[in-house]
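Student: Provided herewith is a single structure, encoded as structure tokens, for subsequent inquiry.
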Amino acid sequence: MINYDQEVSGIHAPPQAGGLGGERALEPPARAVSLERILNLERPALLDLLWQTDRKIQHILLSRASISEARNGLFEYLNDLERHYFNIYSDKKFKDLHDVRKKHAKWCIRVFKNIIRTENEKLSGASALGSLIKLASRTVSRGEPVSRGFILEMLFLFLGINGRFGFYRREKPSALELTAEERPGLARSHLLDSYGKRVREAMARYESGLDGRVRALNEESVRRIAAALGAGPREWNDCCWQMRHIVCRLSDLERLVELTDSERHALAQAERQGLAFQITPYYLSLFQRPGPGATDAALRAQVLPGLHYVEGMRRAAESGQDLDFMGEAATSPQDGITRRYVHVLILKAFNSCPQLCVYCQRNWEVTGLDRSGETRERLEKAIDWVAENENIQEVLVTGGDPLTLGDEYLAWVLERLAAIGHLERIRISTRTPVTLPMRITPELVSLLSRHHELGRREVCVVTHFESPLEMTPAALDAVGRLRSAGLSVYNQEVFTFYNSRRFQTAHLRRVLKRSGVDPYYCFNAKGKDETVDFRVPIARLLQEWTEEARLLPGLARTDTPVFNVPTLGKSYLQSWQDHEIVMLLPDGRRVYRFYPWESMLALTKPYLYTDVSIHDYLTRLAAEGENVNDYHSIWYYF
């Protein structure tokens with residue numbers, strides 16, 4: 001991983017209380033402190049570090065008679081600080097601060113102002129300023145919930161408003177590089193080489209299903225599982241055989257793969273509660289033996305319900321909670337249709353999949369295959385609705401997984417859609433290239449390509465690879481058959497804890513692109529209570545896109561990081577116009593306000609979202625052996 005050479009740190013000499021001129025300590029400190037060490041500080045030491053970082057803030061909080069006066073004092077301080085950064089007549093230490101540091105400082109000042117505003121306190125029902133005052137006066141008792149996560153957020157925010165960051169590399173080109181007058185670009189090229197080397201070293205941690213070691217493991221698993229199920233190569237490569245032998249009982253699963261005690265316990269609970277899980281034999285062959293060296297966590301987590309999920313679904317059932325997190329019922333003008341945008345809509349062709357994903361946003365309506373039903377009459381009415389609305393130019397055929405349907409039924413759906421003159425694109429949303437690649441038969445490809453007419457109508461496939469381990473020779477062959485017929489294949493990744501390590505998703509992009517799959521969207525895992533194990537701070541996705549993805553060639557990073565706002569649709573995470581932090585809760589979680597995509601067209605209501613704690617995320621990474629120092633800049637993505 002990147003070994004950041006921290007030229008600035010989290011510890012500075014404590015400035016003296018007083019005017020801006022006397023208390024600033026903008027120069028780099030004498031020594032650096034790693035993020036890992038900061039995370040491991042005892043609470044009293046962490047609080048000492050917080051106030052050492054900016055004594056002026058502590059002085060304001062302690063010297064004002066009321067929270068209102070403290071708020072006004074902080075606004076005056078922050079306004080003065082911002083003016084000094086961008087005033088040509090300011091002290092030299094302000095003017096000489098690097099422009100990039102000033103830019104980051106301005107962002108931090110904006111966030112700090114946001115979280116102490118009265119409007120945002122009312123909006124969120126919390127007061128970051130109140131928590132800060134308690135910390136400053138040491139009046140927080142052990143029982144009060146002002147967490148380490150909150151203190152760390154404020155620590156890095158204090159550093160940020162002062163233009164001090166601990167994540168820039170100190171690059172030292174050699175004398176030869178700097179004096180190569182005959183080739184002025186040589187020094188720059190050497191710097192780019194240093195970036196390239198770090199990327200190669202980081203990506204070397206991850207394997208794909210096309211790599212020799214993994215292929216050998218998978219082939220052995222195929223032999224073992226096929227033998228246990230009484231199948232030869234012909235049966236194994238038959239999608240109908242795979243569908244008939246989908247694993248949906250714990251007893252069968254234990255017979256085919258090795259489970260951990262926690263997995264076994266959660267699955268037993270799921271069975272008792274009647275929670276469906278189902279996995280294709282093919283996908284089970286991608287599992288590795290649990291223990292040191294296993295790299296399949298992203299695969300297992302997708303299909304093996306964890307205890308948090310099982311307990312969350314139990315609580316939801318007992319309380320009668322509405323599990324329609326995305327508000328699809330409110331955006332359905334007709335049964336079987338979800339519409340959030342002007343020209344494109346979702347057509348739900350089938351309500352199950354060969355394999356169920358634990359974090360599926362439609363877990364409230366996608367059922368096991370044994371509970372699925374034919375929906376031809378409902379689907380016919382939905383297609384009629386599309387035919388009558390000339391504003392619809394594109395249909396996303398999904399479910400469930402529409403390729404669970406047989407070719408004859410699917411041919412009927414496609415023929416009905418292709419007969420609608422105003423449709424320009426038909427997207428088939430399916431995970432079968434990942435979970436059941438033998439479903440992509442020559443007959444199916446012929447069926448899809450029959451309605452793909454250049455210049456008139458596109459038929460394309462949108463799939464869902466989460467891990468490079470899922471790109472196996474079988475998956476590659478499936479993609480190859482689609483691409484050979486002229487059909488584009490796109491990928492929508494969900495960014496979860498299990499694929500969020502440094503350069504893990506960047507590696508997936510590279511594997512996909514050279515295998516014929518174009519990265520399309522990278523979704524932030526949404527805030528459903530039962531899927532909390534999958535959630536990652538928005539800051540981590542922004543960090544990944546800005547740092548790791550940006551080092552890839554442009555054609556390998558064609559996906560866009562998005563947050564899917566319930567009922568309203570995707571909000572692009574790169575733009576400050578689309579979202580902002582409005583509060584920091586005492587437990588360290590950020591509260592975001594999202595402005596819908598159409599906010600420049602209509603006065604639509606914003607959406608509040610409470611994220612997961614950066615501290616908790618980093619602590620979880622550290623517990624799994626990850627070097628958290630590589631994530632130092634995460635605090636400055638808003």
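Ordering of the structure tokens sets the chain letters (A, B, ...); residue numbers start at 1 within each chain; ligands are numbered from 1 in the order shown.
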Give me the residues near A:Leu356 as a ChimeraX atom specification, where near means some atom within 10 Å (using only C-alpha atoms) and where sequence neighbours in that chain fewer than 4 positions away do not count.
Tutor: /A:248,276-280,302-305,352,360,363,366-369,400-401,435
Student: Would you pick out the contacts of A:Arg510 at 10 Å or less, using only C-alpha atoms, so that residues sharing its chain but fewer than 6 positions from it are not included, and give the list as a ChimeraX atom specification?
Tutor: /A:468,517-519,549,552-553,555-557
Student: Keeping N, CA and C atoms for every residue in the selection just given, could you write it to a file as a PDB file, in the first residue's frame?
Tutor:
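Saved result, part-v5.pdb, follows:
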ATOM      1  N   PRO A 468     -12.858  -8.814  -8.193  1.00  0.00           N
ATOM      2  CA  PRO A 468     -12.121  -9.401  -9.319  1.00  0.00           C
ATOM      3  C   PRO A 468     -12.142 -10.930  -9.301  1.00  0.00           C
ATOM      4  N   VAL A 517     -15.944  -5.435 -20.038  1.00  0.00           N
ATOM      5  CA  VAL A 517     -17.030  -4.868 -19.239  1.00  0.00           C
ATOM      6  C   VAL A 517     -16.684  -3.420 -18.905  1.00  0.00           C
ATOM      7  N   ASP A 518     -17.592  -2.503 -19.201  1.00  0.00           N
ATOM      8  CA  ASP A 518     -17.363  -1.084 -18.936  1.00  0.00           C
ATOM      9  C   ASP A 518     -17.908  -0.693 -17.564  1.00  0.00           C
ATOM     10  N   PRO A 519     -17.062  -0.176 -16.643  1.00  0.00           N
ATOM     11  CA  PRO A 519     -17.571   0.345 -15.372  1.00  0.00           C
ATOM     12  C   PRO A 519     -18.571   1.480 -15.623  1.00  0.00           C
ATOM     13  N   ALA A 549      -8.947   5.884  -8.149  1.00  0.00           N
ATOM     14  CA  ALA A 549      -9.489   5.820  -9.509  1.00  0.00           C
ATOM     15  C   ALA A 549      -8.802   6.832 -10.418  1.00  0.00           C
ATOM     16  N   LEU A 552      -5.898   5.811 -12.618  1.00  0.00           N
ATOM     17  CA  LEU A 552      -6.111   4.898 -13.730  1.00  0.00           C
ATOM     18  C   LEU A 552      -6.316   5.680 -15.025  1.00  0.00           C
ATOM     19  N   PRO A 553      -6.078   5.042 -16.173  1.00  0.00           N
ATOM     20  CA  PRO A 553      -6.408   5.689 -17.446  1.00  0.00           C
ATOM     21  C   PRO A 553      -7.907   5.987 -17.517  1.00  0.00           C
ATOM     22  N   LEU A 555     -10.288   5.548 -19.664  1.00  0.00           N
ATOM     23  CA  LEU A 555     -11.232   4.542 -20.134  1.00  0.00           C
ATOM     24  C   LEU A 555     -11.440   3.418 -19.130  1.00  0.00           C
ATOM     25  N   ALA A 556     -10.591   3.349 -18.108  1.00  0.00           N
ATOM     26  CA  ALA A 556     -10.759   2.330 -17.071  1.00  0.00           C
ATOM     27  C   ALA A 556     -11.539   2.859 -15.878  1.00  0.00           C
ATOM     28  N   ARG A 557     -11.830   4.155 -15.873  1.00  0.00           N
ATOM     29  CA  ARG A 557     -12.578   4.730 -14.744  1.00  0.00           C
ATOM     30  C   ARG A 557     -13.795   5.493 -15.270  1.00  0.00           C
TER      31      ARG A 557
END
Student: Give me the residues near A:Leu423 as a list in words, where near means some atom within 10 Å (using only C-alpha atoms) and where sequence neighbours in that chain fewer than 5 positions away do not count.
Tutor: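 Neighbouring residues, sequence-local ones excluded: His343, Val344, Val386, Ala387, Glu390, Asn391, Ile392, Gln393, Glu394, Val395, Leu417, Ala418, Arg456, Arg457 and Glu458 of chain A.
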Student: Please write the residues from the selection above to a file, keeping all heavy atoms, as a short mmCIF file (atom, residue, chain, number, x, y, z; two decimals), in the first residue's frame.
Tutor:
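This is the output file result.cif:
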data_model
loop_
_atom_site.label_atom_id
_atom_site.label_comp_id
_atom_site.auth_asym_id
_atom_site.auth_seq_id
_atom_site.Cartn_x
_atom_site.Cartn_y
_atom_site.Cartn_z
N HIS A 343 -36.92 9.97 -18.97
CA HIS A 343 -36.96 9.13 -20.16
C HIS A 343 -36.69 7.66 -19.93
O HIS A 343 -36.69 6.88 -20.88
CB HIS A 343 -35.95 9.66 -21.19
CG HIS A 343 -36.27 11.03 -21.71
ND1 HIS A 343 -37.45 11.33 -22.34
CD2 HIS A 343 -35.55 12.17 -21.68
CE1 HIS A 343 -37.45 12.60 -22.68
NE2 HIS A 343 -36.33 13.14 -22.28
N VAL A 344 -36.39 7.25 -18.70
CA VAL A 344 -36.04 5.86 -18.44
C VAL A 344 -36.83 5.36 -17.24
O VAL A 344 -37.12 6.12 -16.29
CB VAL A 344 -34.52 5.70 -18.19
CG1 VAL A 344 -34.06 6.54 -17.02
CG2 VAL A 344 -34.14 4.24 -18.00
N VAL A 386 -45.97 1.56 -20.94
CA VAL A 386 -44.79 2.12 -21.59
C VAL A 386 -45.12 2.52 -23.03
O VAL A 386 -44.73 3.60 -23.50
CB VAL A 386 -43.63 1.10 -21.58
CG1 VAL A 386 -42.44 1.64 -22.39
CG2 VAL A 386 -43.20 0.79 -20.15
N ALA A 387 -45.86 1.67 -23.72
CA ALA A 387 -46.19 1.94 -25.12
C ALA A 387 -47.03 3.20 -25.28
O ALA A 387 -46.94 3.90 -26.30
CB ALA A 387 -46.93 0.74 -25.71
N GLU A 390 -44.99 8.35 -24.67
CA GLU A 390 -43.92 8.61 -25.63
C GLU A 390 -42.69 9.25 -25.00
O GLU A 390 -41.66 9.40 -25.65
CB GLU A 390 -44.45 9.50 -26.76
CG GLU A 390 -45.49 8.81 -27.63
CD GLU A 390 -45.91 9.63 -28.82
OE1 GLU A 390 -45.47 10.81 -28.91
OE2 GLU A 390 -46.66 9.12 -29.67
N ASN A 391 -42.77 9.67 -23.74
CA ASN A 391 -41.60 10.23 -23.06
C ASN A 391 -40.60 9.16 -22.66
O ASN A 391 -39.44 9.48 -22.37
CB ASN A 391 -42.03 11.00 -21.81
CG ASN A 391 -42.80 12.27 -22.15
OD1 ASN A 391 -42.33 13.10 -22.92
ND2 ASN A 391 -44.00 12.41 -21.59
N ILE A 392 -41.02 7.91 -22.63
CA ILE A 392 -40.13 6.83 -22.22
C ILE A 392 -39.31 6.38 -23.43
O ILE A 392 -39.85 5.86 -24.40
CB ILE A 392 -40.92 5.64 -21.64
CG1 ILE A 392 -41.85 6.12 -20.51
CG2 ILE A 392 -39.96 4.58 -21.13
CD1 ILE A 392 -41.15 6.86 -19.39
N GLN A 393 -38.02 6.59 -23.33
CA GLN A 393 -37.12 6.21 -24.41
C GLN A 393 -36.28 4.98 -24.07
O GLN A 393 -35.65 4.39 -24.94
CB GLN A 393 -36.18 7.38 -24.75
CG GLN A 393 -36.89 8.63 -25.23
CD GLN A 393 -35.94 9.79 -25.41
OE1 GLN A 393 -34.73 9.69 -25.14
NE2 GLN A 393 -36.48 10.92 -25.85
N GLU A 394 -36.26 4.62 -22.79
CA GLU A 394 -35.37 3.55 -22.35
C GLU A 394 -36.03 2.74 -21.24
O GLU A 394 -36.65 3.31 -20.33
CB GLU A 394 -34.06 4.17 -21.84
CG GLU A 394 -32.98 3.19 -21.50
CD GLU A 394 -31.63 3.89 -21.30
OE1 GLU A 394 -31.43 4.97 -21.89
OE2 GLU A 394 -30.79 3.37 -20.55
N VAL A 395 -35.90 1.42 -21.33
CA VAL A 395 -36.46 0.53 -20.31
C VAL A 395 -35.35 -0.34 -19.75
O VAL A 395 -34.57 -0.95 -20.50
CB VAL A 395 -37.58 -0.34 -20.91
CG1 VAL A 395 -37.94 -1.47 -19.94
CG2 VAL A 395 -38.81 0.49 -21.22
N LEU A 417 -41.44 -5.18 -26.23
CA LEU A 417 -40.73 -3.91 -26.05
C LEU A 417 -40.20 -3.38 -27.37
O LEU A 417 -40.28 -2.17 -27.65
CB LEU A 417 -39.58 -4.10 -25.05
CG LEU A 417 -39.99 -4.35 -23.59
CD1 LEU A 417 -38.76 -4.66 -22.75
CD2 LEU A 417 -40.72 -3.13 -23.01
N ALA A 418 -39.65 -4.25 -28.21
CA ALA A 418 -39.07 -3.82 -29.48
C ALA A 418 -40.14 -3.28 -30.43
O ALA A 418 -39.83 -2.50 -31.34
CB ALA A 418 -38.33 -4.98 -30.14
N ARG A 456 -30.91 2.60 -34.54
CA ARG A 456 -32.34 2.59 -34.19
C ARG A 456 -32.58 2.24 -32.73
O ARG A 456 -33.30 2.94 -32.02
CB ARG A 456 -33.10 1.63 -35.09
CG ARG A 456 -34.60 1.60 -34.81
CD ARG A 456 -35.32 0.58 -35.66
NE ARG A 456 -36.73 0.51 -35.29
CZ ARG A 456 -37.56 -0.45 -35.70
NH1 ARG A 456 -37.10 -1.41 -36.50
NH2 ARG A 456 -38.83 -0.46 -35.32
N ARG A 457 -32.00 1.13 -32.29
CA ARG A 457 -32.27 0.68 -30.93
C ARG A 457 -31.07 -0.11 -30.41
O ARG A 457 -30.49 -0.93 -31.14
CB ARG A 457 -33.50 -0.23 -30.88
CG ARG A 457 -33.86 -0.73 -29.48
CD ARG A 457 -34.90 -1.85 -29.53
NE ARG A 457 -36.02 -1.55 -30.40
CZ ARG A 457 -36.19 -2.12 -31.59
NH1 ARG A 457 -35.33 -3.03 -32.03
NH2 ARG A 457 -37.23 -1.81 -32.33
N GLU A 458 -30.71 0.17 -29.16
CA GLU A 458 -29.63 -0.59 -28.51
C GLU A 458 -30.22 -1.57 -27.51
O GLU A 458 -31.13 -1.23 -26.75
CB GLU A 458 -28.67 0.35 -27.78
CG GLU A 458 -27.55 -0.40 -27.08
CD GLU A 458 -26.68 0.47 -26.18
OE1 GLU A 458 -27.10 1.59 -25.85
OE2 GLU A 458 -25.59 0.00 -25.79
#
Student: Find the residues around A:Glu598 up to 12 Å (only C-alpha atoms counted), leave out those fewer than 3 positions away in its own chain, and share them as a list in words.
Tutor: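 Within the cut-off, the hits are Arg340, Tyr341, Val342, Val565, Leu568, Gly569, Lys570, Ser571, Tyr572, Gln577, Asp578, Phe594, Tyr595, Leu601, Ala602, Leu603, Thr604, Lys605 and Pro606 of chain A.
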Student: I need the residues in stretch 478-602 of chain A that are strand (DSSP E or B) according to DSSP; give them as a PyMOL selection string.
Tutor: chain A and resi 489-495+518-524+560-565+569-572+579-584+590-594
Student: Kindly export the residues of the current selection with N, CA, C and O atoms, as a short mmCIF file (atom, residue, chain, number, x, y, z; two decimals), in the first residue's frame.
Tutor:
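The file below, selection_28.cif, is the result:
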data_model
loop_
_atom_site.label_atom_id
_atom_site.label_comp_id
_atom_site.auth_asym_id
_atom_site.auth_seq_id
_atom_site.Cartn_x
_atom_site.Cartn_y
_atom_site.Cartn_z
N VAL A 489 -21.60 -4.40 -22.51
CA VAL A 489 -21.79 -4.93 -21.16
C VAL A 489 -21.26 -3.89 -20.19
O VAL A 489 -20.10 -3.47 -20.28
N TYR A 490 -22.12 -3.46 -19.25
CA TYR A 490 -21.76 -2.44 -18.27
C TYR A 490 -21.82 -3.03 -16.87
O TYR A 490 -22.53 -4.01 -16.62
N ASN A 491 -21.06 -2.42 -15.95
CA ASN A 491 -21.04 -2.92 -14.57
C ASN A 491 -21.49 -1.84 -13.60
O ASN A 491 -21.06 -0.69 -13.68
N GLN A 492 -22.36 -2.24 -12.67
CA GLN A 492 -22.74 -1.40 -11.54
C GLN A 492 -22.22 -2.07 -10.26
O GLN A 492 -22.70 -3.14 -9.89
N GLU A 493 -21.28 -1.42 -9.63
CA GLU A 493 -20.69 -1.94 -8.39
C GLU A 493 -21.34 -1.28 -7.20
O GLU A 493 -21.64 -0.08 -7.23
N VAL A 494 -21.57 -2.05 -6.15
CA VAL A 494 -21.96 -1.48 -4.86
C VAL A 494 -20.70 -1.41 -4.00
O VAL A 494 -20.03 -2.43 -3.79
N PHE A 495 -20.38 -0.22 -3.54
CA PHE A 495 -19.17 -0.01 -2.75
C PHE A 495 -19.47 -0.36 -1.30
O PHE A 495 -20.20 0.34 -0.61
N ASP A 518 -17.59 -2.50 -19.20
CA ASP A 518 -17.36 -1.08 -18.94
C ASP A 518 -17.91 -0.69 -17.56
O ASP A 518 -19.11 -0.85 -17.31
N PRO A 519 -17.06 -0.18 -16.64
CA PRO A 519 -17.57 0.34 -15.37
C PRO A 519 -18.57 1.48 -15.62
O PRO A 519 -18.32 2.37 -16.44
N TYR A 520 -19.70 1.43 -14.93
CA TYR A 520 -20.80 2.36 -15.21
C TYR A 520 -21.13 3.21 -13.98
O TYR A 520 -21.01 4.42 -13.99
N TYR A 521 -21.58 2.57 -12.90
CA TYR A 521 -21.86 3.27 -11.65
C TYR A 521 -21.13 2.58 -10.50
O TYR A 521 -20.95 1.36 -10.52
N CYS A 522 -20.76 3.37 -9.50
CA CYS A 522 -20.27 2.84 -8.24
C CYS A 522 -21.18 3.40 -7.15
O CYS A 522 -21.14 4.61 -6.86
N PHE A 523 -22.02 2.55 -6.58
CA PHE A 523 -23.05 2.98 -5.65
C PHE A 523 -22.54 2.97 -4.21
O PHE A 523 -21.92 2.01 -3.77
N ASN A 524 -22.85 4.03 -3.49
CA ASN A 524 -22.65 4.00 -2.04
C ASN A 524 -23.67 3.04 -1.43
O ASN A 524 -24.86 3.11 -1.75
N THR A 560 -19.17 6.29 -12.28
CA THR A 560 -19.42 7.51 -11.53
C THR A 560 -19.88 7.14 -10.12
O THR A 560 -20.78 6.30 -9.98
N PRO A 561 -19.30 7.75 -9.08
CA PRO A 561 -19.77 7.46 -7.72
C PRO A 561 -21.09 8.17 -7.44
O PRO A 561 -21.20 9.39 -7.66
N VAL A 562 -22.08 7.43 -6.98
CA VAL A 562 -23.40 8.01 -6.77
C VAL A 562 -24.00 7.55 -5.45
O VAL A 562 -23.65 6.50 -4.90
N PHE A 563 -24.91 8.37 -4.96
CA PHE A 563 -25.77 8.02 -3.83
C PHE A 563 -27.19 8.00 -4.35
O PHE A 563 -27.66 8.97 -4.95
N ASN A 564 -27.88 6.91 -4.13
CA ASN A 564 -29.24 6.75 -4.65
C ASN A 564 -30.22 7.29 -3.61
O ASN A 564 -30.47 6.64 -2.59
N VAL A 565 -30.76 8.47 -3.86
CA VAL A 565 -31.68 9.10 -2.91
C VAL A 565 -33.05 8.43 -3.02
O VAL A 565 -33.62 8.34 -4.11
N GLY A 569 -33.86 9.31 -6.87
CA GLY A 569 -32.85 8.86 -7.81
C GLY A 569 -31.44 9.27 -7.44
O GLY A 569 -31.17 9.79 -6.36
N LYS A 570 -30.53 9.07 -8.38
CA LYS A 570 -29.10 9.17 -8.12
C LYS A 570 -28.65 10.62 -7.94
O LYS A 570 -29.02 11.50 -8.72
N SER A 571 -27.79 10.82 -6.93
CA SER A 571 -27.13 12.10 -6.72
C SER A 571 -25.64 11.86 -6.91
O SER A 571 -25.06 10.96 -6.30
N TYR A 572 -25.02 12.65 -7.79
CA TYR A 572 -23.60 12.46 -8.08
C TYR A 572 -22.76 13.00 -6.92
O TYR A 572 -22.90 14.16 -6.53
N HIS A 579 -24.72 17.83 -2.47
CA HIS A 579 -24.79 17.36 -1.09
C HIS A 579 -23.90 18.21 -0.19
O HIS A 579 -22.95 18.85 -0.66
N GLU A 580 -24.20 18.19 1.10
CA GLU A 580 -23.38 18.91 2.07
C GLU A 580 -23.56 18.28 3.45
O GLU A 580 -24.60 17.68 3.75
N ILE A 581 -22.53 18.41 4.29
CA ILE A 581 -22.63 17.96 5.67
C ILE A 581 -23.35 19.04 6.47
O ILE A 581 -23.00 20.22 6.40
N VAL A 582 -24.37 18.63 7.22
CA VAL A 582 -25.11 19.60 8.03
C VAL A 582 -24.91 19.39 9.53
O VAL A 582 -25.21 20.29 10.31
N MET A 583 -24.43 18.22 9.93
CA MET A 583 -24.25 18.00 11.37
C MET A 583 -23.27 16.85 11.60
O MET A 583 -23.11 15.96 10.75
N LEU A 584 -22.61 16.91 12.75
CA LEU A 584 -21.79 15.81 13.25
C LEU A 584 -22.43 15.36 14.56
O LEU A 584 -22.50 16.13 15.53
N ARG A 590 -21.65 11.52 10.49
CA ARG A 590 -21.99 12.74 9.76
C ARG A 590 -23.43 12.66 9.24
O ARG A 590 -23.87 11.60 8.80
N VAL A 591 -24.09 13.79 9.26
CA VAL A 591 -25.43 13.89 8.67
C VAL A 591 -25.30 14.73 7.40
O VAL A 591 -24.79 15.85 7.44
N TYR A 592 -25.75 14.17 6.28
CA TYR A 592 -25.68 14.84 4.99
C TYR A 592 -27.07 15.29 4.55
O TYR A 592 -28.07 14.62 4.83
N ARG A 593 -27.09 16.41 3.86
CA ARG A 593 -28.30 16.84 3.16
C ARG A 593 -28.04 16.68 1.66
O ARG A 593 -27.12 17.28 1.12
N PHE A 594 -28.89 15.87 1.01
CA PHE A 594 -28.76 15.65 -0.43
C PHE A 594 -29.81 16.46 -1.17
O PHE A 594 -30.98 16.46 -0.78
#
Student: Go through stretch 69-312 of chain A and collect every residue that DSSP, computed from the backbone, puts in alpha helix (DSSP H); the answer should be as a PyMOL selection string.
Tutor: chain A and resi 69-85+92-95+99-115+118-124+128-137+148-161+175-178+186-203+212-228+233-236+239-244+250-256+261-273+281-284+297-303+307-312
Student: If you count only C-alpha atoms, which residues fall within 8 Å of stretch 60-76 of chain A, apart from same-chain ones fewer than 5 positions away, as a JSON list (two decimals) with N, CA, C and O atoms, in the first residue's frame?
Tutor:
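Generated file (out-v5.json):
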[["chain", "number", "residue", "atom", "x", "y", "z"],
["A", 113, "LYS", "N", -18.60, 25.70, 9.84],
["A", 113, "LYS", "CA", -19.72, 26.64, 9.94],
["A", 113, "LYS", "C", -21.06, 25.91, 9.83],
["A", 113, "LYS", "O", -22.01, 26.23, 10.55],
["A", 116, "ILE", "N", -22.30, 24.10, 13.06],
["A", 116, "ILE", "CA", -22.64, 24.90, 14.25],
["A", 116, "ILE", "C", -23.80, 25.84, 13.99],
["A", 116, "ILE", "O", -24.15, 26.65, 14.85],
["A", 117, "ARG", "N", -24.42, 25.73, 12.82],
["A", 117, "ARG", "CA", -25.55, 26.60, 12.50],
["A", 117, "ARG", "C", -26.81, 26.16, 13.24],
["A", 117, "ARG", "O", -27.09, 24.97, 13.37],
["A", 129, "LEU", "N", -22.05, 21.82, 18.43],
["A", 129, "LEU", "CA", -21.48, 22.87, 19.28],
["A", 129, "LEU", "C", -21.70, 22.54, 20.75],
["A", 129, "LEU", "O", -20.79, 22.71, 21.58],
["A", 130, "GLY", "N", -22.89, 22.03, 21.09],
["A", 130, "GLY", "CA", -23.13, 21.64, 22.48],
["A", 130, "GLY", "C", -22.18, 20.55, 22.93],
["A", 130, "GLY", "O", -21.66, 20.58, 24.06],
["A", 132, "LEU", "N", -19.17, 20.03, 21.73],
["A", 132, "LEU", "CA", -17.85, 20.65, 21.84],
["A", 132, "LEU", "C", -17.68, 21.40, 23.16],
["A", 132, "LEU", "O", -16.63, 21.33, 23.80],
["A", 133, "ILE", "N", -18.73, 22.12, 23.56],
["A", 133, "ILE", "CA", -18.65, 22.87, 24.82],
["A", 133, "ILE", "C", -18.47, 21.92, 26.00],
["A", 133, "ILE", "O", -17.68, 22.17, 26.93],
["A", 136, "ALA", "N", -14.90, 20.78, 25.98],
["A", 136, "ALA", "CA", -13.98, 21.84, 26.38],
["A", 136, "ALA", "C", -13.99, 22.05, 27.89],
["A", 136, "ALA", "O", -12.96, 22.32, 28.51],
["A", 137, "SER", "N", -15.17, 21.92, 28.49],
["A", 137, "SER", "CA", -15.28, 22.15, 29.94],
["A", 137, "SER", "C", -15.11, 20.88, 30.75],
["A", 137, "SER", "O", -15.24, 20.90, 31.97]]
Student: Counting only C-alpha atoms, what is within 10 Å of A:Ser633, bar same-chain residues fewer than 5 positions away, as an NGL selection string?
Tutor: :A and (35 or 156 or 165-168 or 539-540 or 543 or 547)
Student: Would you mind exporting N, CA and C atoms of the selected residues as a compact mmCIF listing (two decimals), in the first residue's frame?
Tutor:
# COMPACT_ATOMS: atom_id res chain seq x y z
N LEU A 35 -1.75 8.05 11.83
CA LEU A 35 -3.18 7.93 12.11
C LEU A 35 -3.43 6.74 13.03
N PHE A 156 -9.46 16.51 13.24
CA PHE A 156 -9.01 16.70 11.86
C PHE A 156 -9.64 17.92 11.22
N PHE A 165 -2.28 19.43 7.23
CA PHE A 165 -2.76 18.13 6.79
C PHE A 165 -1.62 17.13 6.85
N GLY A 166 -1.96 15.88 7.18
CA GLY A 166 -0.92 14.88 7.36
C GLY A 166 -0.86 13.85 6.27
N PHE A 167 -1.26 14.20 5.04
CA PHE A 167 -1.31 13.15 4.04
C PHE A 167 -0.56 13.47 2.76
N TYR A 168 0.03 14.65 2.62
CA TYR A 168 0.78 14.95 1.41
C TYR A 168 2.12 14.23 1.42
N ALA A 539 -17.23 9.44 2.71
CA ALA A 539 -15.88 9.97 2.55
C ALA A 539 -14.93 8.95 1.94
N ARG A 540 -15.13 7.67 2.24
CA ARG A 540 -14.22 6.66 1.67
C ARG A 540 -14.46 6.49 0.17
N GLN A 543 -12.87 9.44 -1.45
CA GLN A 543 -11.42 9.27 -1.42
C GLN A 543 -10.98 8.29 -2.50
N GLU A 547 -8.58 9.66 -5.47
CA GLU A 547 -7.17 9.25 -5.35
C GLU A 547 -6.87 7.99 -6.16
Student: Using only C-alpha atoms, which residues sit within 12 Å of A:Glu235 once same-chain residues fewer than 2 positions away are excluded, as a PyMOL selection string?
Tutor: chain A and resi 222+226-227+229-233+237-245+281-282+438
Student: Within 7 Å of stretch 203-219 of chain A, which residues of stretch 500-547 of chain A come that close, and what is the closest atom pair and distance in Å for each? Count only C-alpha atoms and give it as a Markdown table.
Tutor:
| residue | atom | partner | partner_atom | distance |
| --- | --- | --- | --- | --- |
| A:Phe503 | CA | A:Met203 | CA | 6.1 |
| A:Gln504 | CA | A:Tyr206 | CA | 6.9 |
| A:His507 | CA | A:Met203 | CA | 6.1 |
Student: Which is closer to A:Leu447 than all the others in A:Asp324, A:Glu121, A:Glu380, A:Glu408, using only C-alpha atoms?
Tutor: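 Answer, going by the shortest atom-to-atom distance: A:Glu408.
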Student: May I ask for the distance between atom CA of A:Thr546 and atom CA of A:Tyr637, given in Å to one decimal place?
Tutor: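 Taking atom CA of A:Thr546 as the start and atom CA of A:Tyr637 as the end point, the length is 9.3 Å.
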Student: Using only C-alpha atoms, pick whichever of A:Ile225, A:Arg425, A:Pro333, A:Ile346 has the shortest atom-to-atom distance to A:Phe287.
Tutor: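 Under the stated criterion, the closest residue is A:Ile225.
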